[in-house]
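Just below is one structure, and these are the notes that go with it.
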Amino acid sequence: MDTEHDKQQYEADARPVLEAPDIARVLTRIAHEIVERAKGADDVVLLGIPTRGVFLARRLADKLEEITARKIPVGSLDITMYRDDLRMHPPRALARTEIPGDGIDGRLVVLVDDVLFSGRTIRAALDALNDIGRPRAVQLAVLVDRGHRELPIRADYVGKNLPTSLRETVKVQLAEEDGRDTVLLGAKRTSPDAQQ
Amino acid sequence: MQRHLISAADLTRDDAVLILDTAEEMARVADRPIKKLPTLRGRTVVNLFFEDSTRTRISFEAAEKRLSADVINFTAKGSSVSKGESLKDTAQTLEAMGVDAVVIRHGASGAPYRLATSGWIDAAVINAGDGTHQHPTQALLDAFTMRRRLVGRDAGIGHDLSGKRITIVGDILHSRVARSNVDLLHTLGAEVTLVAPPTLVPVGVESWPCEISYDLDSTLSKSDAVMMLRVQRERMNAAFFPTEREYSRRYGLDGDRMAKMPEHAIVMHPGPMVRGMEITAEVADSDRCTVVEQVANGVSIRMAVLYLLLGGNEPAVTHTRTEEK
């Protein structure tokens, strides 16, 4: 667990790559892209991946409702129990899975996450979806794509492509959880578990 | 480090709240079309039942299967135990088969502890009831039911049972459910009162973290939950009260007594109920009685315990009270 001092130190060293207005603009663009590609977003269901993906999904839903003047179902999908590295760590606390009332069968599910990295989270999310229903199609929206994929997975909507080295960390902070909106690019500390 | 769940007294407040919170998420799996999670794929769990049980065994089996564990059921009847095999030999047989966890119910108090600490096996041991000692998953599911009903499903996340007044009525002497509940509810901040005829109160109860009363009527109005216990005739070798009718009149819960409880208060029972003895049909079938809910919650709690003990490379429930000192 980070101490408060470590956290402050990290934030002082890290460089912001997206600030609050950038994040707002990026989400507006993604919302328009979703409407364009889904031809009106009639059957779109947004599922955020906890923790920060859920806040992003809710913000996207608000933007989509502005554009389409329709209610967009939004929920959350916890992937903890589907992770491929469960056996390598102590069990993690579970987060909430909340599927909108009408379910996901036959609909266009857009998964929403903050950072796309190895792609393993998304693989787990696809497995989790499989147990919940059968969407018409599944798409992926991420705020930041930092590269270094370990699986054949790509995002359909990307807020910002951020070429990084494996020695760097990308940290998304959102007002709902962290009190401010920003994306920080920092250097990995020596401890190997500094990055999730 | 704690790999086993032997007694409710071993759990810290934070461990207990973590189990309840995890169970709340597990409960949502029951609402899905596919009630299965891949979390314990490839792990083998043995249900080792030396004593009769329907509810607990089926509940554990359902929980294990929902988490995709491989389940082996072992009942003492018709097994090598009836031919005279000892607990040690049974344990070593299981160890040789490569078992990851043992869920044990045994008529002798302390059998799960012996299994966990003897070095006979490496597997995690989960106590599913031992003699008159402990039944920790029952206490956890009772606490879970109380938190849901008295605090709220979502409002309860991260919270304990501080300030809730719980009354446990009946055969305290023979009840592992009462012992486990007193330990856990005290840890979670609730105030527990035990109500029983003096003959059914165990020796040494003064050292338990709870109040004792011999009068049911005076405690009912001050209770947020009333838990009725079954009179365990199979463990009774003496006359503990004159007649069943007298017991039922003084310590049974009927409609009139239920009316004295506060509006929001619930009636609980670990099952199996003996209608007409400790509880009347009117009470058992009322909305305030949570018996069926407790059974459903039992599966969620057992999924949470199995996940937290077996789901990772080391258990998430790590702090025992003895280590804290």
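In the structure tokens, the first chain shown is A, the next is B, and so on; residue numbers restart at 1 for each chain, and ligands run from 1 in the order shown.
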Which parts of range 61-297 of chain B does DSSP call alpha helix (DSSP H) when run on the backbone here, written out as JSON, numbers by chain?
{"B": [61, 62, 63, 64, 65, 66, 87, 88, 89, 90, 91, 92, 93, 94, 95, 96, 111, 112, 113, 114, 115, 116, 117, 136, 137, 138, 139, 140, 141, 142, 143, 144, 145, 146, 176, 177, 178, 179, 180, 181, 182, 183, 184, 185, 186, 187, 216, 217, 218, 219, 220, 244, 245, 246, 247, 248, 249, 250, 251, 255, 256, 257, 258, 259, 281, 282, 283, 284, 291, 292, 293, 294, 295, 296, 297]}
Write a file of the just-selected residues containing C-alpha atoms, as an mmCIF file, in the first residue's frame.
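File written: selection21.cif
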```
data_model
loop_
_atom_site.group_PDB
_atom_site.id
_atom_site.type_symbol
_atom_site.label_atom_id
_atom_site.label_comp_id
_atom_site.auth_asym_id
_atom_site.auth_seq_id
_atom_site.Cartn_x
_atom_site.Cartn_y
_atom_site.Cartn_z
ATOM 1 C CA GLU B 61 -21.407 -28.163 -2.389
ATOM 2 C CA ALA B 62 -23.381 -25.473 -4.237
ATOM 3 C CA ALA B 63 -20.791 -22.845 -3.282
ATOM 4 C CA GLU B 64 -17.891 -25.035 -4.413
ATOM 5 C CA LYS B 65 -19.556 -25.860 -7.716
ATOM 6 C CA ARG B 66 -20.442 -22.217 -8.429
ATOM 7 C CA LEU B 87 -9.307 -39.441 11.368
ATOM 8 C CA LYS B 88 -5.560 -39.440 10.764
ATOM 9 C CA ASP B 89 -5.707 -42.248 8.223
ATOM 10 C CA THR B 90 -8.664 -40.671 6.434
ATOM 11 C CA ALA B 91 -6.773 -37.361 6.311
ATOM 12 C CA GLN B 92 -3.643 -38.981 4.922
ATOM 13 C CA THR B 93 -5.681 -40.726 2.247
ATOM 14 C CA LEU B 94 -7.083 -37.366 1.184
ATOM 15 C CA GLU B 95 -3.620 -35.795 1.246
ATOM 16 C CA ALA B 96 -2.323 -38.527 -1.042
ATOM 17 C CA ALA B 111 -11.631 -32.371 15.260
ATOM 18 C CA PRO B 112 -11.150 -29.616 12.608
ATOM 19 C CA TYR B 113 -8.492 -27.954 14.778
ATOM 20 C CA ARG B 114 -6.666 -31.275 15.104
ATOM 21 C CA LEU B 115 -6.853 -31.780 11.346
ATOM 22 C CA ALA B 116 -5.510 -28.278 10.654
ATOM 23 C CA THR B 117 -2.662 -28.281 13.157
ATOM 24 C CA PRO B 136 -18.152 -20.303 11.833
ATOM 25 C CA THR B 137 -19.818 -20.171 8.403
ATOM 26 C CA GLN B 138 -23.233 -20.319 10.090
ATOM 27 C CA ALA B 139 -22.326 -17.316 12.244
ATOM 28 C CA LEU B 140 -21.080 -15.467 9.160
ATOM 29 C CA LEU B 141 -24.274 -16.123 7.223
ATOM 30 C CA ASP B 142 -26.352 -15.037 10.223
ATOM 31 C CA ALA B 143 -24.349 -11.800 10.482
ATOM 32 C CA PHE B 144 -24.753 -11.330 6.726
ATOM 33 C CA THR B 145 -28.531 -11.770 6.982
ATOM 34 C CA MET B 146 -28.692 -9.299 9.887
ATOM 35 C CA ARG B 176 -22.183 -24.467 18.318
ATOM 36 C CA VAL B 177 -24.275 -21.928 16.422
ATOM 37 C CA ALA B 178 -24.737 -19.876 19.612
ATOM 38 C CA ARG B 179 -21.023 -20.020 20.476
ATOM 39 C CA SER B 180 -19.940 -18.955 16.996
ATOM 40 C CA ASN B 181 -22.541 -16.209 16.871
ATOM 41 C CA VAL B 182 -21.575 -14.762 20.254
ATOM 42 C CA ASP B 183 -17.924 -14.574 19.141
ATOM 43 C CA LEU B 184 -18.592 -13.086 15.720
ATOM 44 C CA LEU B 185 -21.385 -10.692 16.687
ATOM 45 C CA HIS B 186 -19.258 -9.352 19.524
ATOM 46 C CA THR B 187 -16.367 -8.806 17.076
ATOM 47 C CA LEU B 216 -37.734 -14.098 27.120
ATOM 48 C CA ASP B 217 -40.605 -11.592 27.365
ATOM 49 C CA SER B 218 -38.537 -8.815 28.931
ATOM 50 C CA THR B 219 -35.801 -8.966 26.249
ATOM 51 C CA LEU B 220 -38.038 -9.097 23.155
ATOM 52 C CA GLU B 244 -41.726 -29.923 26.019
ATOM 53 C CA ARG B 245 -44.955 -28.042 26.558
ATOM 54 C CA GLU B 246 -43.482 -26.079 29.442
ATOM 55 C CA TYR B 247 -40.362 -25.252 27.427
ATOM 56 C CA SER B 248 -42.462 -24.146 24.522
ATOM 57 C CA ARG B 249 -44.636 -21.893 26.724
ATOM 58 C CA ARG B 250 -41.715 -20.152 28.371
ATOM 59 C CA TYR B 251 -39.113 -20.061 25.595
ATOM 60 C CA GLY B 255 -47.427 -14.664 17.336
ATOM 61 C CA ASP B 256 -48.187 -12.826 20.597
ATOM 62 C CA ARG B 257 -44.539 -12.715 21.567
ATOM 63 C CA MET B 258 -43.496 -11.644 18.077
ATOM 64 C CA ALA B 259 -45.902 -8.691 18.374
ATOM 65 C CA ALA B 281 -46.007 -22.061 12.330
ATOM 66 C CA GLU B 282 -47.462 -18.534 12.414
ATOM 67 C CA VAL B 283 -44.041 -17.050 13.191
ATOM 68 C CA ALA B 284 -42.110 -19.402 10.919
ATOM 69 C CA VAL B 291 -35.041 -18.880 7.588
ATOM 70 C CA VAL B 292 -35.200 -19.272 3.805
ATOM 71 C CA GLU B 293 -33.110 -16.144 3.256
ATOM 72 C CA GLN B 294 -30.465 -17.556 5.609
ATOM 73 C CA VAL B 295 -30.170 -20.666 3.439
ATOM 74 C CA ALA B 296 -29.675 -18.579 0.271
ATOM 75 C CA ASN B 297 -27.180 -16.347 2.079
#
```
Compute the chain A side of the contact with chain B at 6 Å, counting only C-alpha atoms, and hand it back as a PyMOL selection string.
chain A and resi 81+86-91+131
So which bits of range 26-113 of chain B end up strand (DSSP E or B) when you DSSP the backbone, as a compact mmCIF listing (two decimals) with C-alpha atoms, in the first residue's frame?
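Below is the file states_27.txt, written as the result:
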```txt
# COMPACT_ATOMS: atom_id res chain seq x y z
CA THR B 44 -10.21 -29.99 -5.37
CA VAL B 45 -12.38 -29.60 -2.29
CA VAL B 46 -13.46 -32.54 -0.13
CA ASN B 47 -16.61 -32.34 1.96
CA LEU B 48 -15.75 -34.60 4.87
CA PHE B 49 -18.96 -35.16 6.83
CA ASP B 70 -13.86 -30.15 -8.21
CA VAL B 71 -15.99 -31.54 -5.38
CA ILE B 72 -15.60 -34.87 -3.61
CA ASN B 73 -18.25 -35.80 -1.06
CA PHE B 74 -17.33 -38.09 1.78
CA THR B 75 -19.84 -39.21 4.36
CA ALA B 101 -9.26 -27.88 0.90
CA VAL B 102 -11.21 -29.97 3.39
CA VAL B 103 -14.62 -28.93 4.64
CA ILE B 104 -15.12 -30.96 7.79
CA ARG B 105 -18.10 -31.64 10.01
CA HIS B 106 -17.40 -33.85 13.01
```
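Among the candidates B:Val201, B:Ala27, B:Ala8, B:Leu229, the one nearest to Leu188 in chain B when counting only C-alpha atoms is B:Ala8.
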May I have the residues within 10 Å of Val169 in chain B as a list in words, using only C-alpha atoms and disregarding those fewer than 5 positions away in the same chain?
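That gives Ala178, Thr193, Leu194, Val195, Ala196, Pro197, Ser213, Tyr214, Asp215, Leu216, Val226, Met227, Met228, Leu229, Arg230, Tyr251, Gly252, Leu253, His269 and Glu278 of chain B.
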Just how far from CA of Gly271 in chain B is CA of Ser82 in chain B, in Å to one decimal?
27.3 Å
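In this structure, CA of Asp42 in chain A sits 21.5 Å away from CA of Phe55 in chain A.
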